[in-house]
Every structure is written in C-alpha cells, then in structure tokens.
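So this one's protein_27.pdb, PDB, C-alpha atoms:
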```
ATOM      1  CA  MET A 852      80.864  58.635  75.560
ATOM      2  CA  THR A 853      79.536  62.162  75.584
ATOM      3  CA  ASP A 854      76.078  60.842  74.717
ATOM      4  CA  ILE A 855      76.064  58.510  77.760
ATOM      5  CA  LEU A 856      77.041  61.121  80.406
ATOM      6  CA  PRO A 857      73.744  63.088  80.323
ATOM      7  CA  ALA A 858      71.784  59.871  80.834
ATOM      8  CA  ILE A 859      73.972  58.846  83.798
ATOM      9  CA  VAL A 860      73.623  62.284  85.401
ATOM     10  CA  SER A 861      69.863  62.330  84.955
ATOM     11  CA  ALA A 862      69.582  58.817  86.446
ATOM     12  CA  ALA A 863      71.743  59.654  89.482
ATOM     13  CA  PRO A 864      69.963  60.146  92.831
ATOM     14  CA  ARG A 865      69.074  63.723  93.622
ATOM     15  CA  ALA A 866      70.771  63.462  97.055
ATOM     16  CA  GLU A 867      74.158  62.940  95.353
ATOM     17  CA  LEU A 868      73.807  66.121  93.278
ATOM     18  CA  THR A 869      72.333  68.615  95.727
ATOM     19  CA  ALA A 870      73.686  69.514  99.134
ATOM     20  CA  PRO A 871      71.405  68.629 102.053
ATOM     21  CA  THR A 872      69.673  71.434 103.883
ATOM     22  CA  GLN A 873      70.477  72.314 107.471
ATOM     23  CA  ARG A 874      67.258  70.687 108.694
ATOM     24  CA  GLU A 875      68.089  67.471 106.820
ATOM     25  CA  LEU A 876      71.604  67.403 108.277
ATOM     26  CA  MET A 877      70.300  67.971 111.804
ATOM     27  CA  ALA A 878      67.717  65.192 111.396
ATOM     28  CA  GLU A 879      70.293  62.753 110.020
ATOM     29  CA  LEU A 880      72.847  63.534 112.730
ATOM     30  CA  GLY A 881      70.231  63.389 115.472
ATOM     31  CA  VAL A 882      70.738  67.042 116.462
ATOM     32  CA  ARG A 883      67.679  68.848 117.809
ATOM     33  CA  SER A 884      67.154  72.583 117.808
ATOM     34  CA  ARG A 885      67.081  74.089 121.287
ATOM     35  CA  SER A 886      63.844  75.529 122.583
ATOM     36  CA  ARG A 887      63.546  79.094 123.846
ATOM     37  CA  LEU A 888      63.282  77.909 127.443
ATOM     38  CA  LEU A 889      66.469  75.873 127.087
ATOM     39  CA  ALA A 890      68.268  78.782 125.446
ATOM     40  CA  ARG A 891      67.653  80.921 128.554
ATOM     41  CA  LEU A 892      69.584  78.511 130.785
ATOM     42  CA  PRO A 893      73.324  78.921 131.463
ATOM     43  CA  GLY A 894      75.704  77.079 129.159
ATOM     44  CA  TRP A 895      76.537  74.276 131.616
ATOM     45  CA  ALA A 896      72.825  73.750 132.376
ATOM     46  CA  GLN A 897      72.033  73.439 128.653
ATOM     47  CA  LEU A 898      74.734  70.800 128.273
ATOM     48  CA  PHE A 899      73.467  68.868 131.291
ATOM     49  CA  VAL A 900      69.815  68.972 130.194
ATOM     50  CA  THR A 901      70.737  67.638 126.761
ATOM     51  CA  ASN A 902      72.825  64.822 128.262
ATOM     52  CA  LYS A 903      70.680  61.670 128.412
ATOM     53  CA  LYS A 904      72.742  59.866 131.054
ATOM     54  CA  GLY A 905      72.786  62.876 133.333
ATOM     55  CA  MET A 906      69.039  63.479 133.063
ATOM     56  CA  VAL A 907      68.185  59.804 133.632
ATOM     57  CA  GLY A 908      70.434  59.691 136.698
ATOM     58  CA  LEU A 909      69.041  62.966 138.028
ATOM     59  CA  ALA A 910      65.456  61.745 137.504
ATOM     60  CA  ILE A 911      66.085  58.478 139.390
ATOM     61  CA  LEU A 912      67.812  60.351 142.203
ATOM     62  CA  ALA A 913      65.011  62.929 142.380
ATOM     63  CA  ILE A 914      62.395  60.162 142.674
ATOM     64  CA  PHE A 915      64.195  58.570 145.625
ATOM     65  CA  VAL A 916      64.729  61.919 147.345
ATOM     66  CA  LEU A 917      61.072  62.883 146.821
ATOM     67  CA  LEU A 918      59.870  59.550 148.198
ATOM     68  CA  ALA A 919      62.164  59.963 151.200
ATOM     69  CA  LEU A 920      60.845  63.457 151.925
ATOM     70  CA  LEU A 921      57.198  62.412 151.548
ATOM     71  CA  ALA A 922      57.602  59.090 153.366
ATOM     72  CA  PRO A 923      55.688  60.148 156.521
ATOM     73  CA  LEU A 924      52.743  61.222 154.352
ATOM     74  CA  ILE A 925      52.512  58.383 151.832
ATOM     75  CA  THR A 926      53.475  55.303 153.846
ATOM     76  CA  PRO A 927      50.294  53.185 154.105
ATOM     77  CA  TYR A 928      51.380  51.540 157.377
ATOM     78  CA  ASP A 929      53.603  52.286 160.325
ATOM     79  CA  PRO A 930      57.028  50.880 159.305
ATOM     80  CA  TYR A 931      57.889  50.134 162.930
ATOM     81  CA  ARG A 932      54.756  48.115 163.749
ATOM     82  CA  ARG A 933      53.175  44.890 162.605
ATOM     83  CA  ALA A 934      50.817  45.443 159.677
ATOM     84  CA  GLY A 935      49.737  41.921 158.687
ATOM     85  CA  LYS A 936      50.610  38.255 158.657
ATOM     86  CA  PRO A 937      54.231  37.156 158.132
ATOM     87  CA  HIS A 938      55.447  36.899 154.538
ATOM     88  CA  VAL A 939      52.262  37.964 152.798
ATOM     89  CA  GLN A 940      52.747  37.955 149.020
ATOM     90  CA  PRO A 941      52.741  41.327 147.199
ATOM     91  CA  GLY A 942      49.232  42.446 146.365
ATOM     92  CA  VAL A 943      46.750  45.269 146.598
ATOM     93  CA  GLU A 944      46.787  45.459 150.398
ATOM     94  CA  HIS A 945      50.572  45.170 150.703
ATOM     95  CA  PHE A 946      52.281  46.435 147.563
ATOM     96  CA  LEU A 947      55.605  44.727 148.329
ATOM     97  CA  GLY A 948      54.300  42.124 150.743
ATOM     98  CA  THR A 949      55.214  41.854 154.417
ATOM     99  CA  SER A 950      58.348  40.808 156.285
ATOM    100  CA  ARG A 951      58.804  37.865 158.633
ATOM    101  CA  GLN A 952      57.702  40.144 161.487
ATOM    102  CA  GLY A 953      54.567  41.137 159.560
ATOM    103  CA  LYS A 954      55.764  44.678 158.786
ATOM    104  CA  ASP A 955      54.816  46.278 155.468
ATOM    105  CA  ASN A 956      57.839  46.155 153.145
ATOM    106  CA  PHE A 957      56.771  49.161 151.063
ATOM    107  CA  SER A 958      56.421  51.356 154.154
ATOM    108  CA  GLN A 959      59.805  50.163 155.402
ATOM    109  CA  LEU A 960      61.386  50.851 152.004
ATOM    110  CA  LEU A 961      60.147  54.461 152.016
ATOM    111  CA  GLU A 962      61.140  55.025 155.633
ATOM    112  CA  GLY A 963      64.499  53.334 155.064
ATOM    113  CA  SER A 964      65.265  55.650 152.172
ATOM    114  CA  ARG A 965      65.207  58.599 154.590
ATOM    115  CA  ALA A 966      67.918  57.150 156.834
ATOM    116  CA  SER A 967      70.051  55.581 154.084
ATOM    117  CA  LEU A 968      70.040  58.647 151.829
ATOM    118  CA  THR A 969      70.652  60.929 154.811
ATOM    119  CA  VAL A 970      73.697  58.906 155.831
ATOM    120  CA  GLY A 971      74.991  58.841 152.248
ATOM    121  CA  PHE A 972      74.500  62.555 151.581
ATOM    122  CA  ILE A 973      75.884  63.613 154.977
ATOM    123  CA  ALA A 974      78.965  61.475 154.425
ATOM    124  CA  GLY A 975      79.302  62.686 150.830
ATOM    125  CA  PHE A 976      78.869  66.406 151.512
ATOM    126  CA  SER A 977      81.041  66.396 154.628
ATOM    127  CA  ALA A 978      83.866  64.394 153.069
ATOM    128  CA  THR A 979      83.758  66.550 149.920
ATOM    129  CA  LEU A 980      83.832  69.846 151.815
ATOM    130  CA  ILE A 981      86.683  68.721 154.072
ATOM    131  CA  GLY A 982      88.640  67.279 151.153
ATOM    132  CA  LEU A 983      88.056  70.404 149.070
ATOM    133  CA  ALA A 984      89.194  72.791 151.803
ATOM    134  CA  VAL A 985      92.244  70.733 152.749
ATOM    135  CA  GLY A 986      93.248  69.885 149.170
ATOM    136  CA  ILE A 987      93.048  73.430 147.795
ATOM    137  CA  SER A 988      94.773  74.935 150.844
ATOM    138  CA  ALA A 989      97.619  72.417 150.705
ATOM    139  CA  GLY A 990      98.102  72.752 146.952
ATOM    140  CA  TYR A 991      97.815  76.520 146.626
ATOM    141  CA  PHE A 992      99.609  77.834 149.729
ATOM    142  CA  GLY A 993     102.339  75.170 149.819
ATOM    143  CA  GLY A 994     105.235  75.330 152.279
ATOM    144  CA  LYS A 995     104.496  74.491 155.914
ATOM    145  CA  THR A 996     100.762  74.559 155.241
ATOM    146  CA  ASP A 997     101.180  71.827 152.645
ATOM    147  CA  GLU A 998     103.358  69.726 154.967
ATOM    148  CA  VAL A 999     100.935  69.904 157.893
ATOM    149  CA  LEU A1000      97.802  69.277 155.847
ATOM    150  CA  THR A1001      99.448  66.454 153.896
ATOM    151  CA  PHE A1002     100.309  64.804 157.221
ATOM    152  CA  PHE A1003      96.629  64.852 158.232
ATOM    153  CA  VAL A1004      95.648  63.561 154.795
ATOM    154  CA  ASN A1005      98.001  60.604 155.188
ATOM    155  CA  VAL A1006      96.609  59.911 158.660
ATOM    156  CA  SER A1007      93.072  59.961 157.254
ATOM    157  CA  LEU A1008      94.029  57.541 154.477
ATOM    158  CA  VAL A1009      95.356  54.935 156.902
ATOM    159  CA  LEU A1010      92.338  55.137 159.224
ATOM    160  CA  PRO A1011      90.026  52.235 158.319
ATOM    161  CA  ALA A1012      86.423  53.415 158.511
ATOM    162  CA  LEU A1013      84.665  50.065 158.859
ATOM    163  CA  PRO A1014      86.884  48.651 161.658
ATOM    164  CA  LEU A1015      86.586  51.993 163.467
ATOM    165  CA  ILE A1016      82.788  51.790 163.317
ATOM    166  CA  ILE A1017      82.964  48.181 164.545
ATOM    167  CA  VAL A1018      85.021  49.306 167.543
ATOM    168  CA  LEU A1019      82.595  52.152 168.268
ATOM    169  CA  ALA A1020      79.652  49.790 167.973
ATOM    170  CA  SER A1021      81.210  47.489 170.554
ATOM    171  CA  PHE A1022      81.513  50.405 173.021
ATOM    172  CA  ILE A1023      78.082  51.995 172.500
ATOM    173  CA  GLU A1024      76.297  48.661 171.976
ATOM    174  CA  GLU A1025      74.619  49.787 168.747
ATOM    175  CA  ALA A1026      75.728  52.360 166.169
ATOM    176  CA  SER A1027      72.909  54.531 164.879
ATOM    177  CA  PRO A1028      72.855  55.708 161.230
ATOM    178  CA  THR A1029      73.935  59.161 162.440
ATOM    179  CA  VAL A1030      77.053  57.762 164.116
ATOM    180  CA  ILE A1031      77.864  55.721 161.013
ATOM    181  CA  GLY A1032      77.492  58.785 158.789
ATOM    182  CA  LEU A1033      79.755  60.939 160.983
ATOM    183  CA  VAL A1034      82.488  58.299 161.134
ATOM    184  CA  LEU A1035      82.352  57.816 157.365
ATOM    185  CA  ALA A1036      82.567  61.583 156.848
ATOM    186  CA  LEU A1037      85.577  61.942 159.162
ATOM    187  CA  THR A1038      87.469  59.066 157.556
ATOM    188  CA  GLY A1039      86.432  59.353 153.914
ATOM    189  CA  TRP A1040      87.860  62.719 152.834
ATOM    190  CA  GLY A1041      91.502  61.686 152.356
ATOM    191  CA  TRP A1042      91.388  60.486 148.752
ATOM    192  CA  SER A1043      89.372  63.521 147.655
ATOM    193  CA  ALA A1044      91.837  65.876 149.351
ATOM    194  CA  ARG A1045      94.845  64.200 147.717
ATOM    195  CA  THR A1046      93.254  64.358 144.237
ATOM    196  CA  ILE A1047      92.231  68.002 144.624
ATOM    197  CA  ARG A1048      95.692  68.925 145.958
ATOM    198  CA  THR A1049      97.344  67.411 142.873
ATOM    199  CA  GLN A1050      94.959  69.280 140.561
ATOM    200  CA  THR A1051      95.525  72.541 142.452
ATOM    201  CA  LEU A1052      99.301  72.191 142.058
ATOM    202  CA  ALA A1053      98.784  71.882 138.307
ATOM    203  CA  LEU A1054      96.408  74.859 138.124
ATOM    204  CA  LYS A1055      98.386  77.312 140.293
ATOM    205  CA  SER A1056     101.094  77.583 137.611
ATOM    206  CA  ARG A1057      98.630  78.261 134.755
ATOM    207  CA  GLU A1058      98.636  81.610 132.996
ATOM    208  CA  PHE A1059      95.207  82.808 134.202
ATOM    209  CA  VAL A1060      96.163  82.200 137.853
ATOM    210  CA  LEU A1061      99.514  83.970 137.456
ATOM    211  CA  ALA A1062      97.774  86.865 135.722
ATOM    212  CA  ALA A1063      95.288  87.188 138.602
ATOM    213  CA  GLU A1064      98.158  87.226 141.098
ATOM    214  CA  LEU A1065     100.020  89.912 139.119
ATOM    215  CA  MET A1066      96.849  92.028 139.102
ATOM    216  CA  GLY A1067      96.816  91.925 142.894
ATOM    217  CA  GLU A1068      93.747  89.729 143.351
ATOM    218  CA  LYS A1069      93.179  88.387 146.849
ATOM    219  CA  LYS A1070      94.089  84.765 147.415
ATOM    220  CA  TRP A1071      90.579  83.676 148.403
ATOM    221  CA  ARG A1072      89.214  85.367 145.288
ATOM    222  CA  ILE A1073      91.738  83.518 143.090
ATOM    223  CA  ILE A1074      90.773  80.212 144.702
ATOM    224  CA  VAL A1075      87.028  80.811 144.319
ATOM    225  CA  ARG A1076      86.973  82.368 140.827
ATOM    226  CA  GLU A1077      89.995  80.868 139.068
ATOM    227  CA  ILE A1078      90.885  77.495 140.601
ATOM    228  CA  LEU A1079      87.624  76.075 141.937
ATOM    229  CA  PRO A1080      85.591  76.280 138.681
ATOM    230  CA  ASN A1081      88.297  74.305 136.852
ATOM    231  CA  MET A1082      88.023  71.279 139.119
ATOM    232  CA  SER A1083      84.257  70.781 139.206
ATOM    233  CA  SER A1084      84.576  67.260 137.791
ATOM    234  CA  PHE A1085      86.941  66.278 140.629
ATOM    235  CA  VAL A1086      84.598  67.750 143.239
ATOM    236  CA  VAL A1087      81.491  66.052 141.828
ATOM    237  CA  GLY A1088      83.378  62.796 141.359
ATOM    238  CA  GLY A1089      84.571  62.864 144.970
ATOM    239  CA  PHE A1090      81.055  63.618 146.203
ATOM    240  CA  VAL A1091      79.548  60.775 144.168
ATOM    241  CA  LEU A1092      82.119  58.239 145.360
ATOM    242  CA  ALA A1093      81.800  59.337 148.992
ATOM    243  CA  THR A1094      77.999  59.188 148.843
ATOM    244  CA  ILE A1095      77.952  55.734 147.270
ATOM    245  CA  TYR A1096      80.526  54.547 149.793
ATOM    246  CA  GLY A1097      78.427  55.945 152.638
ATOM    247  CA  ILE A1098      75.242  54.213 151.474
ATOM    248  CA  LEU A1099      77.012  50.893 150.869
ATOM    249  CA  ALA A1100      78.969  51.038 154.135
ATOM    250  CA  GLU A1101      75.847  51.806 156.154
ATOM    251  CA  ALA A1102      73.970  48.951 154.485
ATOM    252  CA  ALA A1103      76.894  46.560 154.980
ATOM    253  CA  LEU A1104      77.252  47.393 158.676
ATOM    254  CA  GLU A1105      73.534  47.064 159.268
ATOM    255  CA  PHE A1106      73.490  43.822 157.289
ATOM    256  CA  ILE A1107      76.103  42.170 159.510
ATOM    257  CA  GLY A1108      74.280  43.333 162.635
ATOM    258  CA  LEU A1109      76.580  46.151 163.808
ATOM    259  CA  GLY A1110      74.008  48.897 163.425
ATOM    260  CA  SER A1111      70.883  49.664 165.387
ATOM    261  CA  PRO A1112      68.271  46.912 164.824
ATOM    262  CA  ASN A1113      65.557  49.297 166.044
ATOM    263  CA  SER A1114      66.079  51.708 163.145
ATOM    264  CA  VAL A1115      64.586  51.224 159.690
ATOM    265  CA  THR A1116      67.095  51.510 156.837
ATOM    266  CA  TRP A1117      67.808  49.595 153.670
ATOM    267  CA  GLY A1118      70.553  47.819 155.591
ATOM    268  CA  THR A1119      68.289  46.706 158.435
ATOM    269  CA  MET A1120      65.759  45.420 155.905
ATOM    270  CA  LEU A1121      68.495  43.225 154.424
ATOM    271  CA  TYR A1122      69.564  42.165 157.921
ATOM    272  CA  TRP A1123      66.113  41.008 158.991
ATOM    273  CA  GLY A1124      65.539  39.368 155.613
ATOM    274  CA  MET A1125      68.759  37.419 156.048
ATOM    275  CA  ARG A1126      67.819  36.455 159.615
ATOM    276  CA  ALA A1127      64.437  35.221 158.393
ATOM    277  CA  GLN A1128      66.056  33.265 155.503
ATOM    278  CA  ALA A1129      63.786  35.103 153.085
ATOM    279  CA  LEU A1130      65.430  33.824 149.904
ATOM    280  CA  GLN A1131      65.440  30.213 151.110
ATOM    281  CA  THR A1132      61.726  30.374 151.917
ATOM    282  CA  GLY A1133      60.791  32.115 148.654
ATOM    283  CA  ALA A1134      60.099  35.517 150.253
ATOM    284  CA  TRP A1135      62.148  37.396 147.660
ATOM    285  CA  PHE A1136      60.036  40.534 148.218
ATOM    286  CA  GLU A1137      61.768  41.070 151.573
ATOM    287  CA  ILE A1138      65.298  41.159 150.067
ATOM    288  CA  TRP A1139      65.023  42.473 146.523
ATOM    289  CA  PRO A1140      63.348  45.901 147.143
ATOM    290  CA  PRO A1141      66.139  47.349 149.362
ATOM    291  CA  ALA A1142      68.839  45.709 147.230
ATOM    292  CA  ILE A1143      67.400  47.206 144.022
ATOM    293  CA  ALA A1144      66.996  50.599 145.730
ATOM    294  CA  ILE A1145      70.690  50.629 146.689
ATOM    295  CA  MET A1146      71.686  49.573 143.177
ATOM    296  CA  LEU A1147      69.537  52.223 141.460
ATOM    297  CA  THR A1148      70.756  54.999 143.757
ATOM    298  CA  GLY A1149      74.384  54.135 143.064
ATOM    299  CA  ALA A1150      73.734  53.889 139.314
ATOM    300  CA  ALA A1151      71.954  57.262 139.300
ATOM    301  CA  LEU A1152      74.870  58.971 141.056
ATOM    302  CA  VAL A1153      77.346  57.395 138.628
ATOM    303  CA  MET A1154      75.328  58.566 135.597
ATOM    304  CA  VAL A1155      75.266  62.117 136.966
ATOM    305  CA  ASN A1156      79.043  61.904 137.423
ATOM    306  CA  PHE A1157      79.468  60.711 133.821
ATOM    307  CA  ALA A1158      77.430  63.685 132.599
ATOM    308  CA  VAL A1159      79.519  66.157 134.596
ATOM    309  CA  ASP A1160      82.710  64.602 133.208
ATOM    310  CA  GLU A1161      81.462  65.015 129.644
ATOM    311  CA  ILE A1162      80.462  68.634 130.294
ATOM    312  CA  THR A1163      83.750  69.646 131.940
ATOM    313  CA  ASN A1164      85.960  67.619 129.585
ATOM    314  CA  PRO A1165      85.520  68.722 125.934
ATOM    315  CA  GLN A1166      87.427  65.659 124.698
ATOM    316  CA  LEU A1167      84.849  63.296 126.231
ATOM    317  CA  ALA A1168      82.023  65.368 124.762
ATOM    318  CA  ALA A1169      83.637  65.215 121.326
ATOM    319  CA  THR A1170      84.135  61.455 121.629
ATOM    320  CA  ARG A1171      80.414  61.046 122.397
ATOM    321  CA  ARG A1172      79.545  62.809 119.116
ATOM    322  CA  ILE A1173      81.974  60.847 116.913
ATOM    323  CA  GLY A1174      79.634  57.851 116.549
ATOM    324  CA  PRO A1175      76.746  59.725 114.843
ATOM    325  CA  ILE A1176      79.200  61.595 112.604
ATOM    326  CA  ARG A1177      80.869  58.343 111.491
ATOM    327  CA  ARG A1178      77.497  56.758 110.668
ATOM    328  CA  PHE A1179      76.482  59.900 108.775
ATOM    329  CA  LEU A1180      79.657  59.811 106.650
ATOM    330  CA  ARG A1181      79.355  56.078 105.958
ATOM    331  CA  ARG A1182      75.791  56.516 104.684
ATOM    332  CA  ARG A1183      77.140  59.041 102.212
ATOM    333  CA  ASN A1184      80.144  56.873 101.256
ATOM    334  CA  ARG A1185      82.635  59.348 102.671
ATOM    335  CA  SER A1186      85.934  58.615 104.440
ATOM    336  CA  VAL A1187      85.843  58.482 108.217
ATOM    337  CA  ASP A1188      89.596  58.171 108.798
ATOM    338  CA  PHE A1189      89.997  61.771 109.893
ATOM    339  CA  VAL A1190      87.230  61.605 112.528
TER
END
```
Could you write out this file's structure as structure tokens?
Amino acid sequence: MTDILPAIVSAAPRAELTAPTQRELMAELGVRSRSRLLARLPGWAQLFVTNKKGMVGLAILAIFVLLALLAPLITPYDPYRRAGKPHVQPGVEHFLGTSRQGKDNFSQLLEGSRASLTVGFIAGFSATLIGLAVGISAGYFGGKTDEVLTFFVNVSLVLPALPLIIVLASFIEEASPTVIGLVLALTGWGWSARTIRTQTLALKSREFVLAAELMGEKKWRIIVREILPNMSSFVVGGFVLATIYGILAEAALEFIGLGSPNSVTWGTMLYWGMRAQALQTGAWFEIWPPAIAIMLTGAALVMVNFAVDEITNPQLAATRRIGPIRRFLRRRNRSVDFV
C-alpha cells in the first residue's frame, strides 16, 4: 500500500495539490480588477458602473434622451408636414417609411420622443418630489402634521388620473401633452408618499437617528443626512414607476383620441396608425417604431431600478453573486450547501 501512494500522488492533477493564485480565482469567478479611473469614483458609482443591468438600462435611456434633445437637428424631414407618398416602405430615402398622411415616420419618432419623454419625466419628477416631501414630513413629525398630510394622501389615492384627464379633455376640447403631464403629476404622488411615510416611521426610531437628535442636530439636517440616504431605493423606485406610468398614460390617452391630434408624440403616432388601419394593410412600420420605443424606455427604467435595488440592498447583491460561487465550488467538487 505504501508503494502505491507515491504513484497516485504523482499522477494526481496539479490543480488538486496546489492552491490557485488570486488571478486564477478572479478569472474563474468572473471577477475583474478595477481600473484606476473606476477606483476614483464614489463607492455607489463603482457599484452602478459594474452592474450590467444598470449600465444597459442607462445606455438605452441615454440614447433616447440624446435623440430627443438633438431631434430638431437630425430629423431629415419636418415631422408636421407631408414628406412623401402614403405608406412608402422603409428605405434609404425614408428610414422607417411614411405614414398614411405621407409624413416621415423616423422624423415623427424623434420629435415624438421629445414630448413623450418630457411628459414622463415631468410626471415622474413632480410626483416623486411631492411624495418625498409629504411622506417624510408625515412620518418624521407625526401628530397633527401626520393626520393632515395622510388625509391629503388618501384623497390623492382615490382621485383617478385617467378619468380626470378625460373630463378635462371634454372641457378644453383637446388635452395637450403638458396638461396630461401636470394632471398625472398631481394625481400620481399618493403611493410614493405612503411608501416613504412607512419607511420614515421605521427609520425615525433607529439608533443613528436617535443619536443625532440627542446631539442636538436640526430636524432638517437629520432628514437630509440621516433619513433620506437610507431610502434611495424607494425614491428611485417611485420615480421609475411614476415615469413609466406617465409615458404609458400619455400614449394611451393619445391612442384613444383624447389628446391633441396636432401634436406629435408616440401616442399620436399610434393613434393615426390605428385610424389608417396600418397593421391590416401591412404598414407595420407605422405602428411598431413608437410601440418598440415605449417598450424599450420602460425596460431601461426598470433595469436602472433593479441596479439601484441591488446597490442599496446588500442581500440582493449577495444573491446575485451566489451563482458564480456555486459553479466555482461544483467545478472543484466542493459542497455548496452553506452558500
């Protein structure tokens, strides 16, 4: 038996006898060393840059925002005027073809991104700011302040945004994207305020908040430096949901004909495509571009929200890294029960 052991040891793979180097472990686990430029960024920025979902979502969103800002300079045709024959197939002259009215679809898509994204971001930012101010004030100050603000939150939750816009549209004949955005902002902050209020109630009894109060810190300073940074995921999540809701609501209202038919948005493109029976006549290029643009914008915002959740929630970040660690241990015939 003692004569066989040396032969078995010499025949064993080298990887089983020697510990892997740090570079080998990093390569096998898929971990990359951070560059000097990345190391100079703040901690949260480093985590976001290394998050694939967040960067993909941010890149898609940045492309749409850049196209919207440069739309007046790069649109090949006037989106409000006839540019060719009706329902011209996509080609060199018209990249996405023309509509039933002969308008260039690509020019309309770029121009429509300005109005649709503006409505979405105005609704998102406004609803988030109102919900943040009301939610933190109600949760932190409590008492009569909480009762009054909670009453307004409940009123906001029972106000239906879409029927309200329909009523306004019937009075002013046609609701412009600006009117739609303002109504969505004024009626869409209730859920964000209720969520932030609940989180504030949980944070105000934590040790670091009590310590700041005992040290005599001002209330606004405690809110800004102690409470607000610990609810970034709720704030970003509320902004993302409000923005997506604003874009979808504007498109839906324009699609059913309650918006301004003279404006150019993704919703009006869908409306005129539906009126022209574009899908029935094979003119898919009049319907699919705005529909895909709405879908990609919503997906990009959701991916950014996922990245922020993983950054602010260490448990989610750890769960994301469990998969590579399990595969690494299985390749080395090690137990994965404790992971």
So how many Å separate CA of Leu1019 in chain A and CA of Gly1039 in chain A, to one decimal?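 Calculated distance between CA of Leu1019 in chain A and CA of Gly1039 in chain A is 16.5 Å.
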Report the residues retrieved by the PyMOL selection byres ((chain A and resi 1116) around 9) from the displayed file, expressed as a VMD selection string. chain A and resid 959 to 967 1028 1101 to 1102 1105 1114 to 1115 1117 to 1121 1141
Using only C-alpha atoms, find the one residue out of A:Ile1098, A:Val939, A:Val999, A:Met1125 that sits nearest to Leu1147 in chain A.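 For Leu1147 in chain A, the nearest of the candidates is A:Ile1098.
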Which polymer residues have any atom within 8 Å of an atom of Thr949 in chain A, counting only C-alpha atoms, with same-chain residues fewer than 6 positions away left out, as a VMD selection string? chain A and resid 934 to 941 955 to 956 1136 to 1137
Give me, please, the distance in Å between CA of Leu1109 in chain A and CA of Val1034 in chain A, quoted to one decimal. 13.8 Å
So which residues fall inside 8 Å of (94.6, 73.0, 140.1) if we count only C-alpha atoms? Mind giving them as a PyMOL selection string? chain A and resi 987+990+1047-1055+1078-1079+1081-1082
Keeping only C-alpha atoms, write the selected residues to a file as a PDB file, in the frame of the given file.
```pdb
ATOM      1  CA  ILE A 987      93.048  73.430 147.795  1.00  0.00           C
ATOM      2  CA  GLY A 990      98.102  72.752 146.952  1.00  0.00           C
ATOM      3  CA  ILE A1047      92.231  68.002 144.624  1.00  0.00           C
ATOM      4  CA  ARG A1048      95.692  68.925 145.958  1.00  0.00           C
ATOM      5  CA  THR A1049      97.344  67.411 142.873  1.00  0.00           C
ATOM      6  CA  GLN A1050      94.959  69.280 140.561  1.00  0.00           C
ATOM      7  CA  THR A1051      95.525  72.541 142.452  1.00  0.00           C
ATOM      8  CA  LEU A1052      99.301  72.191 142.058  1.00  0.00           C
ATOM      9  CA  ALA A1053      98.784  71.882 138.307  1.00  0.00           C
ATOM     10  CA  LEU A1054      96.408  74.859 138.124  1.00  0.00           C
ATOM     11  CA  LYS A1055      98.386  77.312 140.293  1.00  0.00           C
ATOM     12  CA  ILE A1078      90.885  77.495 140.601  1.00  0.00           C
ATOM     13  CA  LEU A1079      87.624  76.075 141.937  1.00  0.00           C
ATOM     14  CA  ASN A1081      88.297  74.305 136.852  1.00  0.00           C
ATOM     15  CA  MET A1082      88.023  71.279 139.119  1.00  0.00           C
TER      16      MET A1082
END
```
Distance of CA of Pro930 in chain A from CA of Gly1110 in chain A, expressed in Å to one decimal place: 17.6 Å
